[in-house]
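Let me begin by presenting the structure, written as structure tokens, before commenting on it.
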Amino acid sequence: MKLSIFGFAPAQLGCGVAIFSMFLLFAASSVHAQRSDELDGNRLLLSSLTSTDQAQKTPSVSIRGAEPMIPVGTILPVVLRTAITFEKCQPGQVLHGKIAQNVPLQNGLTIHKGSAIEGHVVEVTAATSDHGPQVSIQFDKVYVAGHWIPVVTNLRAVAGFMEVLEPGVPTETGSPVDWLPTTQVGGDTVYGLGGPVMSAEDVSEVIGKSVGEDGVLARVSGKEGTKCRGAVEGNDNPQALWVFSGDACGAYGLEHLKILHAGRTEPMGTIVLASERKNTGLRYGDGMLLRVDR
């Protein structure tokens, strides 16, 4: 007589156990595969979300084809945040400045007031019996939309910090003060906040308008007898001139400072300044009009 467990013969019981074991193995494999798919899906989802979040947090700059970030011919009004003495500065010394007024660009972007601009001292030439000390400098990068943008600039005009302050003082008395005329560095007249800018060469010619306390937007022109240019590369939009006139060119209020090379020709972007006396240089708060060449 054959023994049985719960009515099953040993042979039948062995076969049943084998089948049941195969079922458990198949079920476990299915669950594992499902969980792997879910994990892979979660990883892909997490990666996608992380990439999207990083893309939103990372500033980006859109450059349309070969169009430069800052179009050629753009004027950059700069207030210096570095003081240098020609006899004491060293090659490689960093020069700091701030954009003094919002600068609208042809490509629809804006360089905001307060944006950083940097340069450096290229070369220092000691004074001799024939000439005073000379310094070569470059301003070669601007911080725009979260990025440092390389530029090549030339010097259109430079003014001492006292001359920079004078355009904020009305040339007449009366009230309201905001409506009173002021005079730009170079001679243009501004008739109140938001008012027109009239050319110093032709008082009947409107060349731009005031944009409030920040400065003016006006057409740039080349004054006869100077080397400064008008529109460059077709960039004839009104420019952010801050406290300067449309034809401002050279040094103002810095009697002992000479611009030997503005950087418009080779070596492009290298500005050479010279002093007729000792202990002369650029001071914190001096103003400059730089122009982008490339």
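Ligands are numbered from 1 in the order shown, residues from 1 within each chain, and chains are lettered A, B, ... in the order they appear in the structure tokens.
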
Counting only C-alpha atoms, give me one row per residue of segment 247-274 of chain A with an atom at most 9 Å from an atom of segment 137-160 of chain A, showing the shortest contact pair and its distance in Å to one decimal, sorted by chain then residue number, as a tab-separated table.
```
residue	atom	partner	partner_atom	distance
A:Ala248	CA	A:Ala157	CA	6.2
A:Cys249	CA	A:Ala157	CA	4.7
A:Gly250	CA	A:Ala157	CA	4.6
A:Ala251	CA	A:Val158	CA	4.9
A:Tyr252	CA	A:Ala159	CA	4.6
A:Gly253	CA	A:Gly160	CA	5.3
A:Leu254	CA	A:Gly160	CA	5.9
A:Ile259	CA	A:Leu155	CA	8.6
A:His261	CA	A:Leu155	CA	8.6
A:Ala262	CA	A:Leu155	CA	5.0
A:Gly263	CA	A:Asn154	CA	4.5
A:Arg264	CA	A:Asn154	CA	5.5
A:Thr265	CA	A:Asn154	CA	8.8
A:Met268	CA	A:Val152	CA	7.2
A:Gly269	CA	A:Thr153	CA	4.9
A:Thr270	CA	A:Gln138	CA	5.2
A:Ile271	CA	A:Ile137	CA	5.2
A:Val272	CA	A:Ile137	CA	6.5
A:Leu273	CA	A:Ile137	CA	8.1
```

Restricting it to C-alpha atoms, dump the selection as a tab-separated table (two decimals), in the first residue's frame.
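For reference, again21.tsv as written:
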```
chain	number	residue	atom	x	y	z
A	248	ALA	CA	31.72	114.53	-27.72
A	249	CYS	CA	35.26	113.54	-28.62
A	250	GLY	CA	38.52	113.70	-26.67
A	251	ALA	CA	39.30	114.64	-23.07
A	252	TYR	CA	37.23	117.03	-20.95
A	253	GLY	CA	38.32	118.53	-17.65
A	254	LEU	CA	41.57	116.59	-17.74
A	259	ILE	CA	44.71	110.53	-25.93
A	261	HIS	CA	45.78	106.43	-29.57
A	262	ALA	CA	42.03	105.83	-29.25
A	263	GLY	CA	42.07	102.20	-30.38
A	264	ARG	CA	40.13	102.80	-33.61
A	265	THR	CA	43.08	101.64	-35.72
A	268	MET	CA	42.66	97.82	-32.33
A	269	GLY	CA	41.22	98.17	-28.85
A	270	THR	CA	44.41	99.49	-27.29
A	271	ILE	CA	43.97	102.97	-25.80
A	272	VAL	CA	47.15	104.93	-25.17
A	273	LEU	CA	46.98	107.81	-22.70
```

Could I get the residues of segment 61-172 of chain A with an atom no further than 9 Å from an atom of segment 242-245 of chain A, each paired with its nearest atom pair and that distance in Å to one decimal, using only C-alpha atoms, sorted by chain and residue number, as a Markdown table?
```
| residue | atom | partner | partner_atom | distance |
| --- | --- | --- | --- | --- |
| A:Pro77 | CA | A:Trp242 | CA | 6.2 |
| A:Val78 | CA | A:Trp242 | CA | 8.7 |
| A:Ala100 | CA | A:Trp242 | CA | 6.7 |
| A:Gln101 | CA | A:Trp242 | CA | 6.1 |
| A:Ala157 | CA | A:Phe244 | CA | 8.3 |
| A:Ala159 | CA | A:Phe244 | CA | 8.9 |
| A:Glu163 | CA | A:Val243 | CA | 8.9 |
| A:Val164 | CA | A:Val243 | CA | 6.5 |
| A:Leu165 | CA | A:Val243 | CA | 8.4 |
| A:Glu166 | CA | A:Val243 | CA | 8.7 |
| A:Pro167 | CA | A:Val243 | CA | 6.1 |
| A:Gly168 | CA | A:Val243 | CA | 8.3 |
```

For the residues selected in the previous step, produce a file with N, CA and C atoms as a PDB file, in the first residue's frame.
```pdb
ATOM      1  N   PRO A  77      28.496 103.834 -22.224  1.00  0.00           N
ATOM      2  CA  PRO A  77      28.831 104.876 -21.253  1.00  0.00           C
ATOM      3  C   PRO A  77      29.326 104.236 -19.962  1.00  0.00           C
ATOM      4  N   VAL A  78      30.496 104.619 -19.529  1.00  0.00           N
ATOM      5  CA  VAL A  78      31.147 103.932 -18.407  1.00  0.00           C
ATOM      6  C   VAL A  78      31.568 104.923 -17.333  1.00  0.00           C
ATOM      7  N   ALA A 100      26.873 103.143 -17.098  1.00  0.00           N
ATOM      8  CA  ALA A 100      26.247 104.272 -16.401  1.00  0.00           C
ATOM      9  C   ALA A 100      24.793 104.508 -16.769  1.00  0.00           C
ATOM     10  N   GLN A 101      24.303 103.836 -17.809  1.00  0.00           N
ATOM     11  CA  GLN A 101      22.934 104.050 -18.270  1.00  0.00           C
ATOM     12  C   GLN A 101      22.482 102.810 -19.017  1.00  0.00           C
ATOM     13  N   ALA A 157      35.461 109.420 -25.803  1.00  0.00           N
ATOM     14  CA  ALA A 157      35.606 110.601 -24.946  1.00  0.00           C
ATOM     15  C   ALA A 157      35.844 110.173 -23.506  1.00  0.00           C
ATOM     16  N   ALA A 159      36.001 112.110 -19.449  1.00  0.00           N
ATOM     17  CA  ALA A 159      35.752 113.344 -18.700  1.00  0.00           C
ATOM     18  C   ALA A 159      36.071 113.121 -17.231  1.00  0.00           C
ATOM     19  N   GLU A 163      33.377 117.106 -14.222  1.00  0.00           N
ATOM     20  CA  GLU A 163      32.622 117.359 -15.453  1.00  0.00           C
ATOM     21  C   GLU A 163      31.438 116.409 -15.568  1.00  0.00           C
ATOM     22  N   VAL A 164      31.596 115.196 -15.051  1.00  0.00           N
ATOM     23  CA  VAL A 164      30.502 114.217 -15.070  1.00  0.00           C
ATOM     24  C   VAL A 164      29.341 114.693 -14.207  1.00  0.00           C
ATOM     25  N   LEU A 165      29.638 115.427 -13.140  1.00  0.00           N
ATOM     26  CA  LEU A 165      28.589 115.904 -12.231  1.00  0.00           C
ATOM     27  C   LEU A 165      27.862 117.138 -12.759  1.00  0.00           C
ATOM     28  N   GLU A 166      28.529 117.954 -13.552  1.00  0.00           N
ATOM     29  CA  GLU A 166      27.950 119.230 -13.978  1.00  0.00           C
ATOM     30  C   GLU A 166      26.656 119.117 -14.780  1.00  0.00           C
ATOM     31  N   PRO A 167      26.490 118.108 -15.674  1.00  0.00           N
ATOM     32  CA  PRO A 167      25.225 118.011 -16.409  1.00  0.00           C
ATOM     33  C   PRO A 167      24.001 117.800 -15.524  1.00  0.00           C
ATOM     34  N   GLY A 168      24.207 117.459 -14.271  1.00  0.00           N
ATOM     35  CA  GLY A 168      23.080 117.321 -13.347  1.00  0.00           C
ATOM     36  C   GLY A 168      22.653 118.627 -12.717  1.00  0.00           C
TER      37      GLY A 168
END
```

Hey, what does DSSP flag as alpha helix (DSSP H) within segment 75-269 of chain A? Can you give it to me as a PDB file with C-alpha atoms, in the first residue's frame?
```pdb
ATOM      1  CA  PHE A 161      34.494 113.294 -12.369  1.00  0.00           C
ATOM      2  CA  MET A 162      33.679 116.989 -11.804  1.00  0.00           C
ATOM      3  CA  GLU A 163      32.622 117.359 -15.453  1.00  0.00           C
ATOM      4  CA  VAL A 164      30.502 114.217 -15.070  1.00  0.00           C
ATOM      5  CA  LEU A 165      28.589 115.904 -12.231  1.00  0.00           C
TER       6      LEU A 165
END
```

Write out as a ChimeraX atom specification each polymer residue whose atoms come within 12 Å of Leu180 of chain A, counting only C-alpha atoms; drop sequence neighbours fewer than 4 positions from it. /A:167-176,189-196

Requested write-out: N, CA and C atoms of the selected residues, as a PDB file, in the first residue's frame:
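What follows is the written file part-v8.pdb:
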```pdb
ATOM      1  N   PRO A 167      26.490 118.108 -15.674  1.00  0.00           N
ATOM      2  CA  PRO A 167      25.225 118.011 -16.409  1.00  0.00           C
ATOM      3  C   PRO A 167      24.001 117.800 -15.524  1.00  0.00           C
ATOM      4  N   GLY A 168      24.207 117.459 -14.271  1.00  0.00           N
ATOM      5  CA  GLY A 168      23.080 117.321 -13.347  1.00  0.00           C
ATOM      6  C   GLY A 168      22.653 118.627 -12.717  1.00  0.00           C
ATOM      7  N   VAL A 169      23.390 119.713 -13.017  1.00  0.00           N
ATOM      8  CA  VAL A 169      23.085 121.024 -12.439  1.00  0.00           C
ATOM      9  C   VAL A 169      22.429 121.899 -13.504  1.00  0.00           C
ATOM     10  N   PRO A 170      21.193 122.384 -13.292  1.00  0.00           N
ATOM     11  CA  PRO A 170      20.513 123.234 -14.277  1.00  0.00           C
ATOM     12  C   PRO A 170      21.295 124.509 -14.571  1.00  0.00           C
ATOM     13  N   THR A 171      21.196 124.952 -15.803  1.00  0.00           N
ATOM     14  CA  THR A 171      21.877 126.182 -16.200  1.00  0.00           C
ATOM     15  C   THR A 171      21.035 127.417 -15.912  1.00  0.00           C
ATOM     16  N   GLU A 172      19.799 127.224 -15.477  1.00  0.00           N
ATOM     17  CA  GLU A 172      18.905 128.325 -15.130  1.00  0.00           C
ATOM     18  C   GLU A 172      18.291 128.054 -13.760  1.00  0.00           C
ATOM     19  N   THR A 173      17.706 129.089 -13.179  1.00  0.00           N
ATOM     20  CA  THR A 173      17.008 128.924 -11.906  1.00  0.00           C
ATOM     21  C   THR A 173      15.510 128.968 -12.137  1.00  0.00           C
ATOM     22  N   GLY A 174      14.788 128.354 -11.250  1.00  0.00           N
ATOM     23  CA  GLY A 174      13.333 128.339 -11.370  1.00  0.00           C
ATOM     24  C   GLY A 174      12.775 127.023 -10.888  1.00  0.00           C
ATOM     25  N   SER A 175      11.510 126.826 -11.159  1.00  0.00           N
ATOM     26  CA  SER A 175      10.858 125.584 -10.766  1.00  0.00           C
ATOM     27  C   SER A 175       9.767 125.259 -11.793  1.00  0.00           C
ATOM     28  N   PRO A 176       9.402 123.989 -11.935  1.00  0.00           N
ATOM     29  CA  PRO A 176      10.029 122.838 -11.259  1.00  0.00           C
ATOM     30  C   PRO A 176      11.425 122.576 -11.807  1.00  0.00           C
ATOM     31  N   THR A 189      22.394 120.711 -25.245  1.00  0.00           N
ATOM     32  CA  THR A 189      21.461 121.167 -24.216  1.00  0.00           C
ATOM     33  C   THR A 189      20.311 120.177 -24.072  1.00  0.00           C
ATOM     34  N   VAL A 190      19.994 119.840 -22.839  1.00  0.00           N
ATOM     35  CA  VAL A 190      18.873 118.947 -22.538  1.00  0.00           C
ATOM     36  C   VAL A 190      17.804 119.766 -21.841  1.00  0.00           C
ATOM     37  N   TYR A 191      16.590 119.756 -22.389  1.00  0.00           N
ATOM     38  CA  TYR A 191      15.509 120.550 -21.822  1.00  0.00           C
ATOM     39  C   TYR A 191      14.614 119.719 -20.917  1.00  0.00           C
ATOM     40  N   GLY A 192      15.101 119.497 -19.702  1.00  0.00           N
ATOM     41  CA  GLY A 192      14.308 118.826 -18.680  1.00  0.00           C
ATOM     42  C   GLY A 192      14.272 117.322 -18.816  1.00  0.00           C
ATOM     43  N   LEU A 193      13.846 116.652 -17.741  1.00  0.00           N
ATOM     44  CA  LEU A 193      13.715 115.199 -17.747  1.00  0.00           C
ATOM     45  C   LEU A 193      12.654 114.787 -18.760  1.00  0.00           C
ATOM     46  N   GLY A 194      13.045 113.957 -19.689  1.00  0.00           N
ATOM     47  CA  GLY A 194      12.122 113.530 -20.735  1.00  0.00           C
ATOM     48  C   GLY A 194      12.037 114.485 -21.897  1.00  0.00           C
ATOM     49  N   GLY A 195      12.771 115.593 -21.822  1.00  0.00           N
ATOM     50  CA  GLY A 195      12.721 116.602 -22.871  1.00  0.00           C
ATOM     51  C   GLY A 195      13.705 116.341 -24.002  1.00  0.00           C
ATOM     52  N   PRO A 196      13.701 117.209 -25.009  1.00  0.00           N
ATOM     53  CA  PRO A 196      14.578 117.025 -26.170  1.00  0.00           C
ATOM     54  C   PRO A 196      16.037 117.369 -25.870  1.00  0.00           C
TER      55      PRO A 196
END
```

Can you work out the spacing between atom CA of Asn237 of chain A and atom CA of Asn102 of chain A in Å, to one decimal?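 Separation between atom CA of Asn237 of chain A and atom CA of Asn102 of chain A: 14.2 Å.
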
For atom CA of Ala240 of chain A and atom CA of Lys258 of chain A, the interatomic separation in Å (one decimal):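 Value for the atom CA of Ala240 of chain A-atom CA of Lys258 of chain A distance: 24.3 Å.
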
Find the distance between atom CA of Asp178 of chain A and atom CA of Gly212 of chain A and write it in Å to one decimal. 9.2 Å

DSSP-assigned strand (DSSP E) among segment 116-171 of chain A, expressed as an NGL selection string: :A and (116-125 or 134-144 or 147-150 or 153-159)

Distance query segment 119-124 of chain A at most 9 Å, only C-alpha atoms, self and fewer than 2 positions along chain excluded, as a list of chain:residue names: A:Phe86, A:Glu87, A:Lys88, A:Cys89, A:Gln90, A:Pro91, A:Gly92, A:Gln93, A:Val94, A:Leu95, A:His96, A:Gly97, A:Ile117, A:Ala126, A:Pro133, A:Gln134, A:Val135, A:Ser136, A:Ile137, A:Gln138, A:Phe139, A:Asp140, A:Lys141, A:Thr270, A:Val272

Residues of the last selection are to be written out with C-alpha atoms, as a PDB file, in the first residue's frame.
```pdb
ATOM      1  CA  PHE A  86      50.286 106.392 -14.654  1.00  0.00           C
ATOM      2  CA  GLU A  87      53.625 106.208 -12.852  1.00  0.00           C
ATOM      3  CA  LYS A  88      52.532 103.547 -10.372  1.00  0.00           C
ATOM      4  CA  CYS A  89      50.230 101.192 -12.276  1.00  0.00           C
ATOM      5  CA  GLN A  90      51.499  97.845 -13.542  1.00  0.00           C
ATOM      6  CA  PRO A  91      50.842  95.783 -16.696  1.00  0.00           C
ATOM      7  CA  GLY A  92      48.065  93.306 -16.030  1.00  0.00           C
ATOM      8  CA  GLN A  93      46.371  95.496 -13.427  1.00  0.00           C
ATOM      9  CA  VAL A  94      42.596  95.064 -13.698  1.00  0.00           C
ATOM     10  CA  LEU A  95      40.423  98.078 -14.490  1.00  0.00           C
ATOM     11  CA  HIS A  96      36.836  98.096 -13.245  1.00  0.00           C
ATOM     12  CA  GLY A  97      33.887 100.133 -14.444  1.00  0.00           C
ATOM     13  CA  ILE A 117      32.792  96.197 -17.549  1.00  0.00           C
ATOM     14  CA  ALA A 126      58.007 105.719 -17.859  1.00  0.00           C
ATOM     15  CA  PRO A 133      54.413 108.788 -18.513  1.00  0.00           C
ATOM     16  CA  GLN A 134      52.253 106.801 -20.928  1.00  0.00           C
ATOM     17  CA  VAL A 135      49.812 103.988 -20.234  1.00  0.00           C
ATOM     18  CA  SER A 136      48.191 101.572 -22.673  1.00  0.00           C
ATOM     19  CA  ILE A 137      44.865 100.088 -21.552  1.00  0.00           C
ATOM     20  CA  GLN A 138      42.073  97.941 -22.929  1.00  0.00           C
ATOM     21  CA  PHE A 139      38.438  97.448 -21.934  1.00  0.00           C
ATOM     22  CA  ASP A 140      37.630  94.028 -23.295  1.00  0.00           C
ATOM     23  CA  LYS A 141      34.671  92.384 -21.587  1.00  0.00           C
ATOM     24  CA  THR A 270      44.406  99.495 -27.292  1.00  0.00           C
ATOM     25  CA  VAL A 272      47.153 104.933 -25.175  1.00  0.00           C
TER      26      VAL A 272
END
```

For Gly132 of chain A: contacts at 8 Å, only C-alpha atoms, fewer than 5 positions along chain excluded, given as an mmCIF file with C-alpha atoms, in the first residue's frame:
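Writing done, so here's out.cif:
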```cif
data_model
loop_
_atom_site.group_PDB
_atom_site.id
_atom_site.type_symbol
_atom_site.label_atom_id
_atom_site.label_comp_id
_atom_site.auth_asym_id
_atom_site.auth_seq_id
_atom_site.Cartn_x
_atom_site.Cartn_y
_atom_site.Cartn_z
ATOM 1 C CA ALA A 126 58.007 105.719 -17.859
ATOM 2 C CA ALA A 127 58.424 109.465 -18.277
ATOM 3 C CA ALA A 274 49.759 110.213 -21.833
ATOM 4 C CA SER A 275 50.293 112.757 -19.101
ATOM 5 C CA GLU A 276 52.217 116.005 -19.273
ATOM 6 C CA ARG A 277 53.014 115.926 -15.576
ATOM 7 C CA LYS A 278 53.619 113.574 -12.694
#
```

Give me, as a PyMOL selection string, all polymer residues having an atom no more than 10 Å from Asp188 of chain A, counting only C-alpha atoms and skipping those fewer than 6 positions away in the same chain. chain A and resi 167+182+197-203+206-207+243-248

Taking N, CA and C atoms for each residue, export the selection above as a short mmCIF file (atom, residue, chain, number, x, y, z; two decimals), in the first residue's frame.
```
data_model
loop_
_atom_site.label_atom_id
_atom_site.label_comp_id
_atom_site.auth_asym_id
_atom_site.auth_seq_id
_atom_site.Cartn_x
_atom_site.Cartn_y
_atom_site.Cartn_z
N PRO A 167 26.49 118.11 -15.67
CA PRO A 167 25.23 118.01 -16.41
C PRO A 167 24.00 117.80 -15.52
N THR A 182 19.80 121.67 -18.92
CA THR A 182 21.14 121.33 -18.45
C THR A 182 22.05 121.20 -19.67
N VAL A 197 16.91 116.80 -26.67
CA VAL A 197 18.34 117.13 -26.63
C VAL A 197 18.65 117.93 -27.89
N MET A 198 19.19 119.14 -27.72
CA MET A 198 19.47 120.03 -28.84
C MET A 198 20.97 120.08 -29.09
N SER A 199 21.35 120.05 -30.34
CA SER A 199 22.75 120.03 -30.72
C SER A 199 23.45 121.34 -30.34
N ALA A 200 24.70 121.21 -29.87
CA ALA A 200 25.51 122.40 -29.56
C ALA A 200 25.92 123.12 -30.84
N GLU A 201 26.00 122.40 -31.95
CA GLU A 201 26.40 122.99 -33.23
C GLU A 201 25.25 123.70 -33.90
N ASP A 202 24.04 123.23 -33.68
CA ASP A 202 22.84 123.85 -34.28
C ASP A 202 21.73 123.76 -33.25
N VAL A 203 21.47 124.88 -32.57
CA VAL A 203 20.53 124.88 -31.44
C VAL A 203 19.10 124.57 -31.86
N VAL A 206 17.12 118.90 -33.11
CA VAL A 206 16.87 117.91 -32.07
C VAL A 206 17.61 116.63 -32.43
N ILE A 207 18.50 116.18 -31.55
CA ILE A 207 19.28 114.98 -31.86
C ILE A 207 18.92 113.79 -30.97
N VAL A 243 26.02 111.46 -19.90
CA VAL A 243 26.18 112.90 -19.68
C VAL A 243 26.92 113.57 -20.84
N PHE A 244 27.17 112.82 -21.93
CA PHE A 244 27.96 113.34 -23.03
C PHE A 244 27.09 113.83 -24.19
N SER A 245 27.67 114.71 -25.01
CA SER A 245 27.01 115.21 -26.21
C SER A 245 27.15 114.21 -27.35
N GLY A 246 26.33 114.41 -28.37
CA GLY A 246 26.35 113.49 -29.51
C GLY A 246 27.66 113.52 -30.28
N ASP A 247 28.37 114.64 -30.23
CA ASP A 247 29.64 114.73 -30.94
C ASP A 247 30.84 114.83 -29.98
N ALA A 248 30.63 114.47 -28.71
CA ALA A 248 31.72 114.53 -27.72
C ALA A 248 32.89 113.67 -28.20
#
```
